[in-house]
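Trainee: Have a peek at query35.txt (compact mmCIF, C-alpha atoms and all ligand atoms).
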# COMPACT_ATOMS: atom_id res chain seq x y z
CA MET A 1073 -80.75 -129.52 64.99
CA ASN A 1074 -84.13 -128.01 65.80
CA GLU A 1075 -83.73 -126.26 69.15
CA ILE A 1076 -87.42 -126.45 70.06
CA ARG A 1077 -88.12 -130.07 69.18
CA LYS A 1078 -85.67 -132.78 70.20
CA LYS A 1079 -85.87 -135.61 67.67
CA ILE A 1080 -87.39 -139.00 68.47
CA VAL A 1081 -86.46 -142.35 66.96
CA ALA A 1082 -88.97 -145.06 67.86
CA ALA A 1083 -88.63 -148.75 67.04
CA ASN A 1084 -91.76 -150.77 66.34
CA TRP A 1085 -90.79 -154.43 66.49
CA LYS A 1086 -94.35 -155.54 65.65
CA MET A 1087 -94.81 -159.31 66.22
CA ASN A 1088 -91.13 -160.14 65.87
CA THR A 1089 -88.48 -161.69 68.14
CA THR A 1090 -88.75 -163.92 71.18
CA VAL A 1091 -87.96 -162.36 74.56
CA THR A 1092 -84.47 -163.90 74.37
CA GLN A 1093 -83.85 -162.43 70.93
CA GLY A 1094 -85.33 -159.10 72.00
CA GLU A 1095 -83.09 -158.96 75.05
CA LYS A 1096 -80.02 -159.49 72.86
CA LEU A 1097 -81.18 -156.75 70.51
CA VAL A 1098 -81.64 -154.27 73.37
CA GLU A 1099 -78.22 -155.16 74.76
CA ASP A 1100 -76.59 -154.58 71.35
CA ILE A 1101 -78.33 -151.22 71.00
CA LEU A 1102 -77.36 -150.14 74.52
CA LEU A 1103 -73.76 -151.20 73.98
CA HIS A 1104 -73.30 -148.97 70.95
CA LEU A 1105 -75.64 -146.11 71.78
CA PRO A 1106 -73.88 -142.77 71.21
CA GLY A 1107 -72.73 -141.28 74.53
CA GLU A 1108 -73.94 -137.81 73.59
CA LEU A 1109 -77.50 -138.74 72.74
CA ASN A 1110 -79.43 -135.60 71.91
CA CYS A 1111 -82.51 -137.42 70.68
CA THR A 1112 -85.07 -139.65 72.39
CA VAL A 1113 -84.93 -143.37 71.58
CA ILE A 1114 -88.02 -145.48 72.17
CA ILE A 1115 -88.46 -149.23 71.73
CA ALA A 1116 -91.89 -150.83 71.28
CA PRO A 1117 -91.50 -154.60 71.49
CA PRO A 1118 -94.32 -157.17 71.77
CA PHE A 1119 -96.21 -157.07 75.11
CA THR A 1120 -94.43 -160.19 76.39
CA HIS A 1121 -91.08 -158.35 76.26
CA LEU A 1122 -92.09 -155.28 78.25
CA PRO A 1123 -91.02 -156.40 81.76
CA MET A 1124 -87.60 -157.34 80.35
CA LEU A 1125 -87.32 -154.08 78.39
CA VAL A 1126 -88.35 -151.82 81.26
CA LYS A 1127 -85.73 -153.47 83.49
CA LYS A 1128 -82.99 -153.36 80.84
CA VAL A 1129 -83.43 -149.70 79.99
CA GLU A 1130 -83.77 -148.46 83.57
CA GLY A 1131 -81.22 -145.71 84.11
CA THR A 1132 -80.39 -145.56 80.37
CA LYS A 1133 -81.54 -143.09 77.76
CA ILE A 1134 -83.93 -145.55 76.11
CA CYS A 1135 -87.67 -145.36 76.76
CA SER A 1136 -90.18 -148.19 76.50
CA ALA A 1137 -93.43 -148.34 74.56
CA ALA A 1138 -96.32 -150.71 74.01
CA GLN A 1139 -97.63 -151.23 70.50
CA ASN A 1140 -101.29 -151.07 71.51
CA CYS A 1141 -103.68 -151.14 74.47
CA HIS A 1142 -107.35 -151.63 75.14
CA GLN A 1143 -109.57 -148.61 75.72
CA ASP A 1144 -111.37 -150.01 78.79
CA LYS A 1145 -109.84 -150.09 82.25
CA SER A 1146 -110.53 -153.78 82.88
CA GLY A 1147 -113.11 -156.45 82.20
CA ALA A 1148 -114.09 -159.35 79.99
CA PHE A 1149 -111.81 -158.63 77.03
CA THR A 1150 -109.95 -161.88 76.50
CA GLY A 1151 -106.47 -161.36 75.14
CA GLU A 1152 -106.36 -157.60 75.71
CA ILE A 1153 -103.99 -155.41 77.76
CA SER A 1154 -105.11 -152.33 79.72
CA VAL A 1155 -103.28 -149.04 80.20
CA ASP A 1156 -103.10 -149.67 83.97
CA MET A 1157 -101.25 -152.92 83.29
CA LEU A 1158 -98.78 -150.99 81.16
CA SER A 1159 -98.29 -148.15 83.61
CA ASP A 1160 -97.85 -150.65 86.46
CA LEU A 1161 -94.95 -152.16 84.51
CA GLY A 1162 -93.33 -148.75 84.15
CA VAL A 1163 -93.90 -148.41 80.40
CA ASN A 1164 -93.51 -144.84 79.09
CA TYR A 1165 -95.28 -144.63 75.71
CA VAL A 1166 -98.10 -146.39 73.84
CA ILE A 1167 -98.47 -146.50 70.04
CA ILE A 1168 -102.08 -145.81 69.11
CA GLY A 1169 -103.76 -146.18 65.74
CA HIS A 1170 -101.01 -147.94 63.83
CA SER A 1171 -102.28 -148.70 60.32
CA GLU A 1172 -101.95 -152.44 60.95
CA ARG A 1173 -104.31 -152.06 63.90
CA ARG A 1174 -106.66 -149.99 61.75
CA GLN A 1175 -106.60 -152.33 58.75
CA LEU A 1176 -106.19 -155.82 60.24
CA PHE A 1177 -108.04 -155.30 63.52
CA HIS A 1178 -110.68 -152.86 62.27
CA GLU A 1179 -109.86 -150.01 64.66
CA ASP A 1180 -111.65 -146.86 63.54
CA ASN A 1181 -111.11 -143.23 64.49
CA GLU A 1182 -113.63 -143.52 67.35
CA ILE A 1183 -111.88 -146.49 68.98
CA ILE A 1184 -108.52 -144.81 68.54
CA LYS A 1185 -109.89 -141.69 70.23
CA LEU A 1186 -110.99 -143.80 73.23
CA LYS A 1187 -107.58 -145.49 73.39
CA LEU A 1188 -105.87 -142.12 73.29
CA ASP A 1189 -107.98 -140.88 76.19
CA ALA A 1190 -107.23 -144.06 78.16
CA VAL A 1191 -103.48 -143.70 77.58
CA LEU A 1192 -103.46 -140.08 78.74
CA ALA A 1193 -105.69 -140.82 81.76
CA ALA A 1194 -103.18 -143.47 82.86
CA GLY A 1195 -100.33 -140.95 82.68
CA LEU A 1196 -98.75 -142.63 79.67
CA LEU A 1197 -97.55 -140.84 76.53
CA PRO A 1198 -99.29 -141.60 73.22
CA ILE A 1199 -97.63 -141.96 69.84
CA PHE A 1200 -100.60 -141.31 67.57
CA CYS A 1201 -100.30 -142.79 64.07
CA CYS A 1202 -102.08 -141.39 61.04
CA GLY A 1203 -101.62 -141.74 57.31
CA GLU A 1204 -103.40 -142.51 54.08
CA PRO A 1205 -103.71 -145.66 51.95
CA LEU A 1206 -102.43 -145.77 48.38
CA ASP A 1207 -105.76 -145.06 46.63
CA ILE A 1208 -106.18 -141.89 48.66
CA ARG A 1209 -102.65 -140.75 47.76
CA GLU A 1210 -103.35 -141.53 44.09
CA SER A 1211 -106.51 -139.47 44.17
CA GLU A 1212 -104.51 -136.64 45.83
CA THR A 1213 -106.93 -136.45 48.76
CA GLN A 1214 -104.38 -137.39 51.44
CA ASN A 1215 -104.67 -134.04 53.23
CA ILE A 1216 -108.43 -134.39 53.65
CA PHE A 1217 -107.98 -137.98 54.83
CA VAL A 1218 -105.31 -137.21 57.43
CA HIS A 1219 -107.12 -134.10 58.60
CA GLN A 1220 -110.19 -136.23 59.29
CA GLN A 1221 -108.09 -138.68 61.34
CA LEU A 1222 -106.80 -135.75 63.40
CA GLU A 1223 -110.24 -134.23 63.84
CA GLU A 1224 -111.96 -137.46 64.80
CA SER A 1225 -109.36 -138.97 67.14
CA LEU A 1226 -107.08 -136.23 68.39
CA PHE A 1227 -108.39 -132.68 68.22
CA HIS A 1228 -110.96 -133.19 71.00
CA LEU A 1229 -108.05 -133.04 73.46
CA HIS A 1230 -107.47 -130.07 75.71
CA LYS A 1231 -104.27 -128.20 74.89
CA ASP A 1232 -102.47 -129.54 77.99
CA ASP A 1233 -103.19 -133.15 77.03
CA PHE A 1234 -102.44 -132.55 73.38
CA ALA A 1235 -98.98 -131.33 74.39
CA LYS A 1236 -98.17 -134.89 75.59
CA VAL A 1237 -98.94 -136.45 72.20
CA CYS A 1238 -96.35 -137.36 69.61
CA ILE A 1239 -97.74 -137.79 66.09
CA ALA A 1240 -96.40 -140.31 63.58
CA TYR A 1241 -97.33 -139.71 59.95
CA GLU A 1242 -97.13 -143.11 58.29
CA PRO A 1243 -98.43 -143.31 54.71
CA ILE A 1244 -99.75 -146.87 54.49
CA TRP A 1245 -98.30 -147.35 51.02
CA ALA A 1246 -94.83 -146.85 52.51
CA ILE A 1247 -95.11 -149.20 55.50
CA GLY A 1248 -93.11 -152.38 55.06
CA THR A 1249 -93.14 -151.92 51.30
CA GLY A 1250 -89.65 -150.59 50.71
CA VAL A 1251 -91.28 -147.54 49.08
CA THR A 1252 -90.44 -144.47 51.14
CA ALA A 1253 -92.26 -141.18 50.84
CA SER A 1254 -89.92 -138.68 49.26
CA PRO A 1255 -88.51 -136.11 51.68
CA GLU A 1256 -90.68 -133.53 49.91
CA GLN A 1257 -93.85 -135.63 50.32
CA ALA A 1258 -93.06 -136.16 54.01
CA GLN A 1259 -92.30 -132.48 54.59
CA GLU A 1260 -95.46 -131.39 52.78
CA MET A 1261 -97.69 -133.58 54.97
CA HIS A 1262 -95.85 -132.74 58.19
CA MET A 1263 -96.21 -129.03 57.46
CA PHE A 1264 -99.90 -129.57 56.72
CA ILE A 1265 -100.38 -131.36 60.06
CA ARG A 1266 -98.46 -128.63 61.90
CA ASP A 1267 -100.63 -125.96 60.29
CA LYS A 1268 -103.77 -127.78 61.40
CA ILE A 1269 -102.42 -127.98 64.96
CA ALA A 1270 -101.75 -124.23 64.91
CA ILE A 1271 -105.31 -123.56 63.76
CA ARG A 1272 -106.85 -125.92 66.34
CA TYR A 1273 -104.57 -124.95 69.25
CA ASN A 1274 -101.97 -122.24 68.76
CA LYS A 1275 -98.59 -121.52 67.21
CA PHE A 1276 -96.62 -122.51 70.31
CA VAL A 1277 -98.35 -125.91 70.54
CA SER A 1278 -97.82 -126.50 66.82
CA GLU A 1279 -94.13 -125.60 67.02
CA THR A 1280 -93.48 -127.86 70.01
CA THR A 1281 -95.38 -130.95 68.79
CA ARG A 1282 -93.14 -133.73 67.53
CA ILE A 1283 -94.26 -135.21 64.19
CA LEU A 1284 -92.42 -138.39 63.20
CA TYR A 1285 -92.31 -139.95 59.76
CA GLY A 1286 -92.79 -143.70 59.36
CA GLY A 1287 -92.61 -145.92 56.30
CA SER A 1288 -89.59 -147.91 55.11
CA ILE A 1289 -87.03 -145.76 56.92
CA LYS A 1290 -83.55 -147.19 56.59
CA ALA A 1291 -80.07 -146.04 57.47
CA ASP A 1292 -79.54 -144.71 53.94
CA ASN A 1293 -82.67 -142.55 53.68
CA ALA A 1294 -83.00 -141.47 57.34
CA LYS A 1295 -80.74 -138.45 57.22
CA THR A 1296 -82.51 -136.77 54.29
CA LEU A 1297 -85.92 -137.43 55.76
CA PHE A 1298 -84.90 -136.19 59.21
CA SER A 1299 -83.36 -133.03 57.77
CA GLN A 1300 -86.75 -131.78 56.59
CA ASP A 1301 -87.93 -128.81 58.65
CA ASP A 1302 -91.06 -130.45 60.03
CA VAL A 1303 -89.84 -134.04 60.36
CA ASP A 1304 -88.89 -134.63 63.99
CA GLY A 1305 -87.60 -138.16 63.71
CA GLY A 1306 -89.08 -141.48 62.76
CA LEU A 1307 -91.12 -144.54 63.66
CA VAL A 1308 -89.10 -147.44 62.33
CA GLY A 1309 -90.46 -150.93 61.69
CA GLY A 1310 -88.39 -153.49 59.79
CA ALA A 1311 -85.08 -151.63 60.05
CA SER A 1312 -85.30 -151.50 63.84
CA LEU A 1313 -84.86 -155.27 64.09
CA ASN A 1314 -81.20 -154.99 63.19
CA SER A 1315 -79.12 -153.26 65.84
CA ALA A 1316 -76.46 -151.88 63.47
CA GLY A 1317 -79.05 -150.47 61.07
CA PHE A 1318 -81.15 -149.04 63.88
CA LEU A 1319 -78.10 -147.41 65.49
CA ASP A 1320 -77.28 -145.77 62.14
CA ILE A 1321 -80.82 -144.36 62.07
CA ILE A 1322 -80.34 -143.08 65.63
CA ARG A 1323 -77.08 -141.41 64.57
CA ALA A 1324 -78.88 -139.84 61.60
CA ALA A 1325 -81.40 -138.30 63.98
CA CYS A 1326 -78.94 -137.21 66.63
CA GLY A 1327 -76.01 -136.20 64.47
C1 LIG B 1 -94.14 -149.19 61.09
O1 LIG B 1 -94.51 -150.33 61.30
O2 LIG B 1 -94.55 -148.27 61.81
C2 LIG B 1 -93.23 -148.94 59.98
C3 LIG B 1 -92.96 -147.72 59.66
O3 LIG B 1 -92.71 -150.06 59.35
P1 LIG B 1 -91.53 -150.08 58.26
O4 LIG B 1 -90.42 -149.19 58.78
O5 LIG B 1 -91.12 -151.51 58.19
O6 LIG B 1 -92.09 -149.55 56.99
Once you've parsed the file, please lay out its structure as structure tokens.
Mentor:
Amino acid sequence: MNEIRKKIVAANWKMNTTVTQGEKLVEDILLHLPGELNCTVIIAPPFTHLPMLVKKVEGTKICSAAQNCHQDKSGAFTGEISVDMLSDLGVNYVIIGHSERRQLFHEDNEIIKLKLDAVLAAGLLPIFCCGEPLDIRESETQNIFVHQQLEESLFHLHKDDFAKVCIAYEPIWAIGTGVTASPEQAQEMHMFIRDKIAIRYNKFVSETTRILYGGSIKADNAKTLFSQDDVDGGLVGGASLNSAGFLDIIRAACG
């Protein structure tokens, strides 16, 4: 186990489960959660589930997260949720810049930067997603691509704010596809990101920043991915919807 960086396992339920189903899933996870939990477990359900989740996990080792937020404080933005609404509920984290938000809802680096600032201003903790599409990986320009995402959305932060950010590297070609980045590919990119953080901030900040991997993590590949030097846990989509599978991933991170 890395002594400086406690691992994080975060579940992204996306637009899945009703509140009733979600409640059962949380109960199953809580029931079998290892007693000696030396990693952080986060659950990001749909917005409608957050009051239930916050209540259920109170006094437990599980943290809550929203999957998105709006960048403005309030106003005429039909269908949107503000950071103040989330913090009022007692939510801990907010996922920002997930590739589905970028691709399906046209969020660019500038909007993601504004969302990040809003999350931090509200006292919430951001999970900042980055990662390249398949054509960029095939042209071997993924480092340039990810570096630009960091520069344009993240590296404007002051060191003290940056220290609150958790990064999730999620190659788009691996999300929901069943194709996982190899442990070597994940390690290579995580090391690259950590190097860029050291250059922008300093060595201490780079060594204490948690960088999660996301993309088709399952119980059977989690351990190898999490054992890479610069992989500090995972953001788990599909496999987090099954309590037994998700608990195995938690054990892989905490074991
Ligand atoms: C995700 O949605 O962040 C994700 C990594 O999904 P999956 O695990 O299903 O690839």
Trainee: Quick one: residues within 8 Å of ligand LIG 1 (chain B), with only C-alpha atoms and all ligand atoms, as a PyMOL selection string?
Mentor: chain A and resi 1083-1086+1170-1172+1242+1246-1250+1252+1285-1290+1306-1312
Trainee: Any idea what the distance is between CA of Asn1181 in chain A and CA of Phe1149 in chain A?
Mentor: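 These two atoms are separated by 19.9 Å.
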Trainee: What is the CA of Ala1324 in chain A to CA of Cys1201 in chain A distance in Å?
Mentor: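 According to the coordinates, CA of Ala1324 in chain A and CA of Cys1201 in chain A are separated by 21.8 Å.
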Trainee: Expressed in Å to a single decimal, how great is the separation between CA of Ile1216 in chain A and CA of Lys1268 in chain A?
Mentor: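 Taking CA of Ile1216 in chain A as the start and CA of Lys1268 in chain A as the end point, the length is 11.2 Å.
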Trainee: Between A:Ala1190, A:Val1237, A:Ile1184, A:Met1261, which is the closest to Glu1204 in chain A once you count all atoms listed in the file?
Mentor: A:Met1261
Trainee: Near Asp1301 in chain A, counting all atoms listed in the file, which residues have an atom at most 12 Å away, once you skip same-chain residues fewer than 4 positions from it, shown as a list of chain:residue names?
Mentor: A:Met1073, A:Asn1074, A:Glu1075, A:Ile1076, A:Arg1077, A:Lys1079, A:Pro1255, A:Glu1256, A:Ala1258, A:Gln1259, A:Glu1260, A:Met1261, A:His1262, A:Met1263, A:Arg1266, A:Glu1279, A:Arg1282, A:Ile1283, A:Leu1284, A:Thr1296, A:Leu1297, A:Gly1305
Trainee: Which residue, A:Pro1117, A:Asp1302, A:Gln1257, A:Ala1294, has the smallest gap to Ile1322 in chain A when you use only C-alpha atoms?
Mentor: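 That would be A:Ala1294, the residue with the smallest distance to Ile1322 in chain A.
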Trainee: So that I can check the surroundings of Cys1238 in chain A, please list as a list of chain:residue names every protein, DNA and RNA residue that reaches within 7 Å of it, counting only C-alpha atoms and ignoring chain neighbours fewer than 2 positions away.
Mentor: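 Using only C-alpha atoms, the neighbours found are A:Pro1198, A:Ile1199, A:Phe1200, A:Lys1236, A:Ala1240, A:Thr1281, A:Arg1282, A:Ile1283.
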Trainee: Each side padded by 8 Å, which centre and which edge lengths in Å (one decimal) define the axis-aligned box around the listed atoms of range 1106-1110 of chain A? Give them as lines of an AutoDock Vina configuration file.
Mentor:
center_x = -76.1
center_y = -139.2
center_z = 72.9
size_x = 22.7
size_y = 23.2
size_z = 19.3
Trainee: Which is closest to Gly1151 in chain A among A:Cys1111, A:Asn1215, A:Glu1130, A:Phe1119, if we use all atoms listed in the file?
Mentor: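 Of all the options, A:Phe1119 lies closest to Gly1151 in chain A.
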Trainee: Could I get range 1139-1155 of chain A rebuilt with N, CA, C and O atoms, written as a PDB file, in the coordinates of the input?
Mentor:
ATOM      1  N   GLN A1139     -97.186-151.435  71.885  1.00  0.00           N
ATOM      2  CA  GLN A1139     -97.630-151.230  70.500  1.00  0.00           C
ATOM      3  C   GLN A1139     -99.139-150.985  70.398  1.00  0.00           C
ATOM      4  O   GLN A1139     -99.652-150.670  69.315  1.00  0.00           O
ATOM      5  N   ASN A1140     -99.827-151.164  71.527  1.00  0.00           N
ATOM      6  CA  ASN A1140    -101.290-151.070  71.510  1.00  0.00           C
ATOM      7  C   ASN A1140    -101.776-151.149  72.948  1.00  0.00           C
ATOM      8  O   ASN A1140    -100.996-151.428  73.861  1.00  0.00           O
ATOM      9  N   CYS A1141    -103.056-150.911  73.166  1.00  0.00           N
ATOM     10  CA  CYS A1141    -103.680-151.140  74.470  1.00  0.00           C
ATOM     11  C   CYS A1141    -105.174-151.244  74.233  1.00  0.00           C
ATOM     12  O   CYS A1141    -105.653-150.944  73.137  1.00  0.00           O
ATOM     13  N   HIS A1142    -105.893-151.658  75.247  1.00  0.00           N
ATOM     14  CA  HIS A1142    -107.350-151.630  75.140  1.00  0.00           C
ATOM     15  C   HIS A1142    -107.860-150.324  75.726  1.00  0.00           C
ATOM     16  O   HIS A1142    -107.191-149.720  76.573  1.00  0.00           O
ATOM     17  N   GLN A1143    -109.031-149.903  75.278  1.00  0.00           N
ATOM     18  CA  GLN A1143    -109.570-148.610  75.720  1.00  0.00           C
ATOM     19  C   GLN A1143    -110.267-148.674  77.080  1.00  0.00           C
ATOM     20  O   GLN A1143    -110.425-147.657  77.741  1.00  0.00           O
ATOM     21  N   ASP A1144    -110.693-149.892  77.488  1.00  0.00           N
ATOM     22  CA  ASP A1144    -111.370-150.010  78.790  1.00  0.00           C
ATOM     23  C   ASP A1144    -110.362-150.266  79.907  1.00  0.00           C
ATOM     24  O   ASP A1144    -109.279-150.785  79.660  1.00  0.00           O
ATOM     25  N   LYS A1145    -110.767-149.952  81.112  1.00  0.00           N
ATOM     26  CA  LYS A1145    -109.840-150.090  82.250  1.00  0.00           C
ATOM     27  C   LYS A1145    -109.599-151.547  82.632  1.00  0.00           C
ATOM     28  O   LYS A1145    -108.498-151.922  83.012  1.00  0.00           O
ATOM     29  N   SER A1146    -110.645-152.356  82.547  1.00  0.00           N
ATOM     30  CA  SER A1146    -110.530-153.780  82.880  1.00  0.00           C
ATOM     31  C   SER A1146    -111.809-154.461  82.403  1.00  0.00           C
ATOM     32  O   SER A1146    -112.731-153.782  81.950  1.00  0.00           O
ATOM     33  N   GLY A1147    -111.860-155.774  82.526  1.00  0.00           N
ATOM     34  CA  GLY A1147    -113.110-156.450  82.200  1.00  0.00           C
ATOM     35  C   GLY A1147    -112.940-157.667  81.329  1.00  0.00           C
ATOM     36  O   GLY A1147    -111.829-158.183  81.165  1.00  0.00           O
ATOM     37  N   ALA A1148    -114.058-158.124  80.773  1.00  0.00           N
ATOM     38  CA  ALA A1148    -114.090-159.350  79.990  1.00  0.00           C
ATOM     39  C   ALA A1148    -113.653-159.076  78.552  1.00  0.00           C
ATOM     40  O   ALA A1148    -114.479-158.984  77.638  1.00  0.00           O
ATOM     41  N   PHE A1149    -112.371-158.907  78.363  1.00  0.00           N
ATOM     42  CA  PHE A1149    -111.810-158.630  77.030  1.00  0.00           C
ATOM     43  C   PHE A1149    -110.636-159.582  76.813  1.00  0.00           C
ATOM     44  O   PHE A1149    -109.461-159.178  76.865  1.00  0.00           O
ATOM     45  N   THR A1150    -110.962-160.830  76.598  1.00  0.00           N
ATOM     46  CA  THR A1150    -109.950-161.880  76.500  1.00  0.00           C
ATOM     47  C   THR A1150    -108.836-161.510  75.519  1.00  0.00           C
ATOM     48  O   THR A1150    -109.113-161.125  74.389  1.00  0.00           O
ATOM     49  N   GLY A1151    -107.631-161.601  76.014  1.00  0.00           N
ATOM     50  CA  GLY A1151    -106.470-161.360  75.140  1.00  0.00           C
ATOM     51  C   GLY A1151    -106.024-159.916  75.083  1.00  0.00           C
ATOM     52  O   GLY A1151    -105.064-159.592  74.384  1.00  0.00           O
ATOM     53  N   GLU A1152    -106.699-159.029  75.803  1.00  0.00           N
ATOM     54  CA  GLU A1152    -106.360-157.600  75.710  1.00  0.00           C
ATOM     55  C   GLU A1152    -105.497-157.140  76.896  1.00  0.00           C
ATOM     56  O   GLU A1152    -105.429-157.809  77.928  1.00  0.00           O
ATOM     57  N   ILE A1153    -104.882-155.984  76.742  1.00  0.00           N
ATOM     58  CA  ILE A1153    -103.990-155.410  77.760  1.00  0.00           C
ATOM     59  C   ILE A1153    -104.467-153.985  78.058  1.00  0.00           C
ATOM     60  O   ILE A1153    -104.692-153.200  77.132  1.00  0.00           O
ATOM     61  N   SER A1154    -104.610-153.674  79.351  1.00  0.00           N
ATOM     62  CA  SER A1154    -105.110-152.330  79.720  1.00  0.00           C
ATOM     63  C   SER A1154    -103.955-151.350  79.955  1.00  0.00           C
ATOM     64  O   SER A1154    -102.809-151.767  80.184  1.00  0.00           O
ATOM     65  N   VAL A1155    -104.309-150.076  79.962  1.00  0.00           N
ATOM     66  CA  VAL A1155    -103.280-149.040  80.200  1.00  0.00           C
ATOM     67  C   VAL A1155    -102.732-149.133  81.630  1.00  0.00           C
ATOM     68  O   VAL A1155    -101.562-148.851  81.857  1.00  0.00           O
TER      69      VAL A1155
END
